[in-house]
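Remarks on the structure that follows.
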Amino acid sequence: MKKQSLTQRFLAAEWSSLLIVALIMMAIMTIITPRFLNFDNQAILTRSLAPLLIVAFAQAIVIGIGQMNLAVGAIGGMVAVFFGGMMEVWGLPIPVAIGIGLLCGLAAGVLNGAVIAYSGINGFIVTLATLSIFKGLNLGVTKSIPFYEMPQALQWFGEARVGPFAMILIVPVICVVALAWFLKYSLAGRQILAVGGNAHAAGLAGISVNRVTIMAHAISGALAGIAGMLSVARLGVGQPTIGGDWLLASFAAPVIGGAILLGGHIPVIGTILGVLVIILIENLLVLYGVDPQYNEFFVGALILLAVGFNHWRSLRAEAAYKLQEGQA
Amino acid sequence: MMGFAKRHADPLIPLIGCVLLIGFGALFFPKFLTATYLLQQVQIAAFLGVIATGAMVVILLGQIDLSIPWTLGGAAIISTAMAASGHTALEVLAIPAGLGFGLLVGVINGVGVAVFRIPAMVWTLSVNAMLLGLAVINTGGFNPKGEASGLMIAVATKTTLGIPNAALLWLAYGAGVLWLFRRTTFGRALFAIGNSEKASFLSGVNTTRVIFAAFALAGFSSALGGLLLAGYANQAYQSMGDPYLLPAIAAVVIGGTSILGGRGSYAGTVAGTLFVTLLTSVLSVFQIDPAWRQILFGAIIVAMLLTQRRRIM
């Protein structure tokens, strides 16, 4: 095989075209509205980017084993109100509340994973049903009334900025780096991809498919919980509606990034760029002063466009690959 | 006897569940055993039943339609707005327009899944978001104006010979779908594609066309459900479809249809629909706290799935 130049390697990467799309979007937005590069706007952008990044990976890890987690939003919302409630009603210090919130997310994920693994029922339906349980717990704790009295430190953290970046961006950065390392270098992470690639073969190779399924869902639940708590920091309020609108973006980002819903592959950089594209779309609408009423419509339409484009590109890439193979 | 139970096992478990629910309810509220209550439940079940029929057709393919809520809501908004417009021509076209809207959404879903080959989860969810956006733009975020036409009200709320018209419509619609499943190449192709799309394609089935038709039928069913609900409430309202997505899919799967496609019986879906409707009714009659109602609903659905799964395995 010929040694590839850096450019060739860049173009061969699955995320290269997505990066170009994101850069073009940013360039156009900068040219048309110089306000885009404004530190204030960048802070707004990174503030909404932060929770969604974690949500996307909460979904991506389950997509990695070829399943889905429809309950990401419900788990996130549940942990968010638990987190808010523990601090307001019980007056727990922030680190303790974070710890318990994390455990709740983890437990919700383990519940999903265990039911799926030991019953053999498809993950799609199980999480659809448990979603209603988590939403019920959320409703039971809050009675639909948000927790308003959040600690000063948390509110400060939610609003602080480092130059153009929101301080809260540090949480997804840590999560994503840890997850990328986990998937690439740890035994358990590779087992997740092996089960997603071919569960039967993985089982024959001595991997406990049930254990891996529970692990992937547990990580997903914990990440969803972190995203929920981060949303509380971002909003400064323990809103029961947190997580309500995560589902579409959670699927769209990994799919735009090149994930295969059959499992076996988690595109880390692609998913990050997928989230970035979705957030840029939203930011575009805000900057142009588009009536927020149109938001939902355009975000839906543009996500479809992005998913469609990337799908077309991957089909082209596959065809080109086959052609090369044929010539060789 | 065992043979009979085996052949009809799909609807059997949810039906046993229905009997248990009614029996349990009757212990506390004797009105559970009256014909009025049971007929009323069948009437309410008919709305979900029509919607679940469409969901089932798509699930048989191994696909999913998550655009149910706003296909339903959109059809209801269009029909009620036209029915109350005051122009005779528009009033006559109110129902066809609503149903046509459902078909159109179904075709758009079909294009994404069959032609662009985008996962149905993502595509139909985006379509749903777009429809929600369109509805908000259209109504400005307020409750849509308009009211149901006389025919919609008559079908949804009136009875014929003591039997609710909605239930009769469900019966006719179900019979039509059953005929499609059993006696047409389309029905055979649905099950074949659900088992293996590749093998069906190689055997000469026009898979693209079948997927198109299935999604169109699902969109039509959602719209029909929307018109019935609008007739029942005599209006369309924002997010009227949201409480129907999970129950519709739950009804289909509790009825023994495989979420991976290729396996399922319509009788199972009917029984599943009755079970979900009765469960909702029992939970609300007992005036359980809404939070617990949701938790119990989810937990009981999981329990039903476990029993159904045990049987199939």
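How things are named: the first chain in the structure tokens is A, the next is B, and so on; residues count from 1 in each chain; ligands count from 1 in the order shown.
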
* Check: which chain B residues lie within 8 Å of chain A using only C-alpha atoms, as an MDAnalysis selection string -> chainID B and resid 116 118:119 122:123 125:127 129:134 136:137 140:141 246 250 259 290:299 301:302 305:306 309

Keeping only N, CA, C and O atoms, write those residues as a tab-separated table (two decimals), in the first residue's frame.
chain	number	residue	atom	x	y	z
B	116	PHE	N	-33.99	7.14	0.37
B	116	PHE	CA	-32.73	7.67	0.92
B	116	PHE	C	-32.07	6.70	1.89
B	116	PHE	O	-30.93	6.87	2.27
B	118	ILE	N	-32.45	6.23	5.05
B	118	ILE	CA	-32.08	6.79	6.34
B	118	ILE	C	-32.85	6.03	7.41
B	118	ILE	O	-34.01	5.69	7.21
B	119	PRO	N	-32.20	5.72	8.56
B	119	PRO	CA	-32.90	4.97	9.60
B	119	PRO	C	-34.25	5.60	9.93
B	119	PRO	O	-34.35	6.82	10.13
B	122	VAL	N	-34.63	8.09	12.92
B	122	VAL	CA	-34.17	9.46	12.78
B	122	VAL	C	-35.08	10.23	11.82
B	122	VAL	O	-35.49	11.35	12.09
B	123	TRP	N	-35.41	9.60	10.72
B	123	TRP	CA	-36.20	10.29	9.70
B	123	TRP	C	-37.58	10.66	10.21
B	123	TRP	O	-38.00	11.82	10.12
B	125	LEU	N	-38.66	10.85	13.21
B	125	LEU	CA	-38.59	11.76	14.35
B	125	LEU	C	-38.38	13.20	13.85
B	125	LEU	O	-38.98	14.14	14.38
B	126	SER	N	-37.54	13.36	12.83
B	126	SER	CA	-37.33	14.70	12.27
B	126	SER	C	-38.60	15.20	11.60
B	126	SER	O	-38.95	16.37	11.70
B	127	VAL	N	-39.28	14.30	10.87
B	127	VAL	CA	-40.53	14.69	10.22
B	127	VAL	C	-41.52	15.17	11.28
B	127	VAL	O	-42.21	16.18	11.12
B	129	ALA	N	-40.79	16.50	14.17
B	129	ALA	CA	-40.37	17.83	14.64
B	129	ALA	C	-40.78	18.91	13.65
B	129	ALA	O	-41.23	19.99	14.03
B	130	MET	N	-40.66	18.60	12.34
B	130	MET	CA	-41.04	19.59	11.33
B	130	MET	C	-42.54	19.85	11.35
B	130	MET	O	-42.99	21.00	11.22
B	131	LEU	N	-43.32	18.78	11.51
B	131	LEU	CA	-44.78	18.96	11.55
B	131	LEU	C	-45.17	19.79	12.77
B	131	LEU	O	-46.03	20.67	12.69
B	132	LEU	N	-44.51	19.51	13.91
B	132	LEU	CA	-44.76	20.30	15.11
B	132	LEU	C	-44.46	21.76	14.83
B	132	LEU	O	-45.26	22.65	15.16
B	133	GLY	N	-43.32	22.01	14.16
B	133	GLY	CA	-42.95	23.38	13.82
B	133	GLY	C	-44.01	24.03	12.94
B	133	GLY	O	-44.42	25.17	13.19
B	134	LEU	N	-44.46	23.31	11.93
B	134	LEU	CA	-45.48	23.85	11.02
B	134	LEU	C	-46.76	24.19	11.78
B	134	LEU	O	-47.37	25.24	11.55
B	136	VAL	N	-47.06	24.95	14.94
B	136	VAL	CA	-46.86	26.12	15.79
B	136	VAL	C	-46.88	27.40	14.96
B	136	VAL	O	-47.48	28.40	15.34
B	137	ILE	N	-46.22	27.34	13.77
B	137	ILE	CA	-46.23	28.51	12.89
B	137	ILE	C	-47.67	28.84	12.51
B	137	ILE	O	-48.11	29.99	12.54
B	140	GLY	N	-49.64	29.94	15.74
B	140	GLY	CA	-49.02	30.94	16.59
B	140	GLY	C	-48.88	30.48	18.03
B	140	GLY	O	-48.80	31.29	18.93
B	141	GLY	N	-48.87	29.18	18.24
B	141	GLY	CA	-48.68	28.66	19.59
B	141	GLY	C	-49.95	28.58	20.41
B	141	GLY	O	-49.96	28.05	21.50
B	246	LEU	N	-46.53	6.19	22.57
B	246	LEU	CA	-46.10	5.05	23.38
B	246	LEU	C	-47.19	3.98	23.50
B	246	LEU	O	-46.93	2.81	23.27
B	250	ALA	N	-46.84	0.19	22.30
B	250	ALA	CA	-47.00	-0.81	23.37
B	250	ALA	C	-48.10	-1.81	23.01
B	250	ALA	O	-47.93	-3.01	23.19
B	259	ILE	N	-40.79	-6.54	17.33
B	259	ILE	CA	-40.35	-5.19	16.97
B	259	ILE	C	-39.30	-5.26	15.86
B	259	ILE	O	-39.03	-4.28	15.18
B	290	PRO	N	-50.85	11.10	39.42
B	290	PRO	CA	-50.37	10.99	38.04
B	290	PRO	C	-48.95	10.43	37.95
B	290	PRO	O	-48.63	9.70	37.01
B	291	ALA	N	-48.12	10.75	38.92
B	291	ALA	CA	-46.74	10.25	38.89
B	291	ALA	C	-46.74	8.73	38.99
B	291	ALA	O	-46.12	8.04	38.19
B	292	TRP	N	-47.50	8.21	39.97
B	292	TRP	CA	-47.56	6.76	40.13
B	292	TRP	C	-48.24	6.10	38.97
B	292	TRP	O	-47.90	4.98	38.59
B	293	ARG	N	-49.21	6.80	38.36
B	293	ARG	CA	-49.91	6.25	37.20
B	293	ARG	C	-48.90	5.95	36.10
B	293	ARG	O	-48.91	4.90	35.48
B	294	GLN	N	-47.98	6.91	35.88
B	294	GLN	CA	-47.00	6.75	34.82
B	294	GLN	C	-46.02	5.62	35.16
B	294	GLN	O	-45.67	4.81	34.30
B	295	ILE	N	-45.61	5.57	36.44
B	295	ILE	CA	-44.67	4.52	36.84
B	295	ILE	C	-45.31	3.15	36.68
B	295	ILE	O	-44.72	2.23	36.12
B	296	LEU	N	-46.56	3.02	37.17
B	296	LEU	CA	-47.26	1.74	37.08
B	296	LEU	C	-47.47	1.34	35.63
B	296	LEU	O	-47.30	0.18	35.25
B	297	PHE	N	-47.85	2.32	34.80
B	297	PHE	CA	-48.09	2.04	33.38
B	297	PHE	C	-46.83	1.41	32.77
B	297	PHE	O	-46.88	0.35	32.15
B	298	GLY	N	-45.68	2.08	33.00
B	298	GLY	CA	-44.42	1.57	32.45
B	298	GLY	C	-44.10	0.19	32.99
B	298	GLY	O	-43.73	-0.72	32.24
B	299	ALA	N	-44.26	0.01	34.30
B	299	ALA	CA	-43.89	-1.26	34.93
B	299	ALA	C	-44.78	-2.40	34.44
B	299	ALA	O	-44.31	-3.50	34.15
B	301	ILE	N	-46.39	-2.53	31.57
B	301	ILE	CA	-46.05	-2.83	30.17
B	301	ILE	C	-44.82	-3.74	30.13
B	301	ILE	O	-44.79	-4.74	29.39
B	302	VAL	N	-43.80	-3.44	30.95
B	302	VAL	CA	-42.61	-4.30	30.99
B	302	VAL	C	-43.00	-5.71	31.42
B	302	VAL	O	-42.57	-6.70	30.82
B	305	LEU	N	-44.64	-7.56	28.64
B	305	LEU	CA	-43.65	-7.94	27.63
B	305	LEU	C	-42.89	-9.18	28.08
B	305	LEU	O	-42.60	-10.07	27.28
B	306	LEU	N	-42.58	-9.24	29.39
B	306	LEU	CA	-41.84	-10.38	29.90
B	306	LEU	C	-42.63	-11.67	29.72
B	306	LEU	O	-42.09	-12.67	29.27
B	309	ARG	N	-42.81	-12.54	26.03
B	309	ARG	CA	-41.51	-12.97	25.56
B	309	ARG	C	-41.25	-14.43	25.98
B	309	ARG	O	-40.77	-15.25	25.20

* Quick one: everything within 7 Å of Ala167 (chain B), counting only C-alpha atoms, minus sequence neighbours fewer than 3 positions away in the same chain. Send it as a ChimeraX atom specification. => /B:42-43,46,164,170-171

* Mind checking DSSP for region 82-296 of chain A and telling me the helix (DSSP H, G or I) residues as a PyMOL selection string? -> chain A and resi 82-88+94-119+123-142+152-159+167-185+187-197+199-204+209-235+247-256+268-287+292-296

Excluding same-chain residues fewer than 2 positions from Gly261 (chain B), what lies within 10 Å of it counting only C-alpha atoms, as a PDB file with N, CA and C atoms, in the first residue's frame?
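Result file out_17.pdb:
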ATOM      1  N   MET B  56     -48.595  -0.975  13.510  1.00  0.00           N
ATOM      2  CA  MET B  56     -48.272  -2.392  13.331  1.00  0.00           C
ATOM      3  C   MET B  56     -47.748  -2.666  11.931  1.00  0.00           C
ATOM      4  N   VAL B  57     -48.403  -2.050  10.918  1.00  0.00           N
ATOM      5  CA  VAL B  57     -47.997  -2.310   9.533  1.00  0.00           C
ATOM      6  C   VAL B  57     -46.515  -1.970   9.347  1.00  0.00           C
ATOM      7  N   VAL B  58     -46.102  -0.854   9.937  1.00  0.00           N
ATOM      8  CA  VAL B  58     -44.716  -0.420   9.789  1.00  0.00           C
ATOM      9  C   VAL B  58     -43.779  -1.295  10.628  1.00  0.00           C
ATOM     10  N   ILE B  59     -44.242  -1.672  11.831  1.00  0.00           N
ATOM     11  CA  ILE B  59     -43.407  -2.507  12.697  1.00  0.00           C
ATOM     12  C   ILE B  59     -43.190  -3.885  12.059  1.00  0.00           C
ATOM     13  N   LEU B  60     -44.213  -4.385  11.340  1.00  0.00           N
ATOM     14  CA  LEU B  60     -44.062  -5.677  10.661  1.00  0.00           C
ATOM     15  C   LEU B  60     -42.895  -5.650   9.677  1.00  0.00           C
ATOM     16  N   LEU B  61     -42.642  -4.479   9.105  1.00  0.00           N
ATOM     17  CA  LEU B  61     -41.516  -4.333   8.177  1.00  0.00           C
ATOM     18  C   LEU B  61     -40.185  -4.299   8.906  1.00  0.00           C
ATOM     19  N   GLY B  62     -40.240  -4.161  10.232  1.00  0.00           N
ATOM     20  CA  GLY B  62     -39.010  -3.969  10.991  1.00  0.00           C
ATOM     21  C   GLY B  62     -38.636  -2.503  11.055  1.00  0.00           C
ATOM     22  N   GLN B  63     -39.574  -1.622  10.718  1.00  0.00           N
ATOM     23  CA  GLN B  63     -39.327  -0.179  10.779  1.00  0.00           C
ATOM     24  C   GLN B  63     -40.146   0.408  11.922  1.00  0.00           C
ATOM     25  N   ILE B  64     -40.094   1.726  12.061  1.00  0.00           N
ATOM     26  CA  ILE B  64     -40.877   2.362  13.120  1.00  0.00           C
ATOM     27  C   ILE B  64     -41.347   3.720  12.615  1.00  0.00           C
ATOM     28  N   LEU B 190     -45.155  -7.708   3.174  1.00  0.00           N
ATOM     29  CA  LEU B 190     -44.855  -7.055   4.458  1.00  0.00           C
ATOM     30  C   LEU B 190     -44.118  -8.010   5.385  1.00  0.00           C
ATOM     31  N   PHE B 191     -44.689  -9.220   5.542  1.00  0.00           N
ATOM     32  CA  PHE B 191     -44.083 -10.207   6.433  1.00  0.00           C
ATOM     33  C   PHE B 191     -42.727 -10.663   5.882  1.00  0.00           C
ATOM     34  N   ALA B 192     -42.669 -10.819   4.546  1.00  0.00           N
ATOM     35  CA  ALA B 192     -41.423 -11.294   3.931  1.00  0.00           C
ATOM     36  C   ALA B 192     -40.301 -10.288   4.152  1.00  0.00           C
ATOM     37  N   ILE B 193     -40.600  -9.006   3.921  1.00  0.00           N
ATOM     38  CA  ILE B 193     -39.567  -7.975   4.081  1.00  0.00           C
ATOM     39  C   ILE B 193     -39.141  -7.889   5.544  1.00  0.00           C
ATOM     40  N   GLY B 194     -40.119  -8.045   6.444  1.00  0.00           N
ATOM     41  CA  GLY B 194     -39.787  -8.006   7.864  1.00  0.00           C
ATOM     42  C   GLY B 194     -38.822  -9.102   8.258  1.00  0.00           C
ATOM     43  N   ASN B 195     -38.933 -10.251   7.582  1.00  0.00           N
ATOM     44  CA  ASN B 195     -38.010 -11.348   7.875  1.00  0.00           C
ATOM     45  C   ASN B 195     -36.656 -11.141   7.232  1.00  0.00           C
ATOM     46  N   SER B 196     -36.664 -10.761   5.964  1.00  0.00           N
ATOM     47  CA  SER B 196     -35.393 -10.471   5.302  1.00  0.00           C
ATOM     48  C   SER B 196     -35.656  -9.602   4.081  1.00  0.00           C
ATOM     49  N   THR B 257     -46.444  -8.854  18.339  1.00  0.00           N
ATOM     50  CA  THR B 257     -45.716  -8.511  17.119  1.00  0.00           C
ATOM     51  C   THR B 257     -44.257  -8.254  17.470  1.00  0.00           C
ATOM     52  N   SER B 258     -43.351  -8.829  16.673  1.00  0.00           N
ATOM     53  CA  SER B 258     -41.933  -8.628  16.925  1.00  0.00           C
ATOM     54  C   SER B 258     -41.520  -7.250  16.459  1.00  0.00           C
ATOM     55  N   ILE B 259     -40.790  -6.536  17.327  1.00  0.00           N
ATOM     56  CA  ILE B 259     -40.350  -5.190  16.968  1.00  0.00           C
ATOM     57  C   ILE B 259     -39.305  -5.263  15.863  1.00  0.00           C
ATOM     58  N   ARG B 263     -43.130 -10.843  12.156  1.00  0.00           N
ATOM     59  CA  ARG B 263     -43.944 -11.760  12.938  1.00  0.00           C
ATOM     60  C   ARG B 263     -44.995 -10.987  13.707  1.00  0.00           C
ATOM     61  N   GLY B 264     -46.226 -11.445  13.655  1.00  0.00           N
ATOM     62  CA  GLY B 264     -47.254 -10.754  14.424  1.00  0.00           C
ATOM     63  C   GLY B 264     -48.643 -11.094  13.905  1.00  0.00           C
TER      64      GLY B 264
END

* Which polymer residues have any atom within 7 Å of an atom of Glu147 (chain B), counting only C-alpha atoms, with same-chain residues fewer than 6 positions away left out, as number ranges by chain? -> B: 80-81, 83-84, 234-235

Restricted to N, CA and C atoms, what would the selected residues look like written as a short mmCIF file (atom, residue, chain, number, x, y, z; two decimals), in the first residue's frame?
data_model
loop_
_atom_site.label_atom_id
_atom_site.label_comp_id
_atom_site.auth_asym_id
_atom_site.auth_seq_id
_atom_site.Cartn_x
_atom_site.Cartn_y
_atom_site.Cartn_z
N THR B 80 -60.53 20.26 11.25
CA THR B 80 -61.42 21.10 12.05
C THR B 80 -61.43 22.53 11.52
N ALA B 81 -60.24 23.00 11.06
CA ALA B 81 -60.20 24.36 10.51
C ALA B 81 -61.08 24.46 9.27
N ALA B 83 -63.61 22.44 8.43
CA ALA B 83 -65.02 22.19 8.74
C ALA B 83 -65.69 23.43 9.30
N ALA B 84 -64.91 24.30 9.94
CA ALA B 84 -65.51 25.48 10.55
C ALA B 84 -65.28 26.74 9.70
N ASN B 234 -64.59 17.43 19.81
CA ASN B 234 -65.17 18.52 19.03
C ASN B 234 -64.18 19.66 18.80
N GLN B 235 -62.89 19.34 18.80
CA GLN B 235 -61.87 20.34 18.47
C GLN B 235 -60.53 19.64 18.29
#

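The nearest approach to Met82 (chain B) among the residues B:Pro96, B:Gly17, B:Pro11, B:Gly146, with only C-alpha atoms taken into account, belongs to B:Gly146.
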
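Each of B:Ile163, B:Leu217, B:Met240, B:Val285 was compared to Ala35 (chain B) using only C-alpha atoms, and B:Ile163 turns out to be the nearest.
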
* Can you list, as a ChimeraX atom specification, every protein, DNA or RNA residue that comes within 9 Å of Gly255 (chain B) when you count only C-alpha atoms, leaving out same-chain residues fewer than 2 positions away? -> /B:10-14,250-253,257,264-273,308

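Residues of region 13-255 of chain A carrying a DSSP assignment of strand (DSSP E or B), computed from the backbone, are Phe147, Arg161, Val162, Phe165, Ala166 and Gly238 of chain A.
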
* Could you give me, as a PyMOL selection string, the residues within 9 Å of region 275-279 of chain A, counting only C-alpha atoms and dropping anything in the same chain fewer than 6 positions from it? => chain A and resi 18+21-22+25+45-46+48-49+52-53+56+249-250+252-254+256-257+299+302-303+306

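Residues within 8 Å of Met167 (chain A), counting only C-alpha atoms and excluding same-chain residues fewer than 5 positions away, are Phe157, Gly158, Glu159, Ala160, Arg161 and Val162 of chain A.
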
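Interatomic distance, CA of Leu66 (chain B) against CA of Gly244 (chain A): 15.2 Å.
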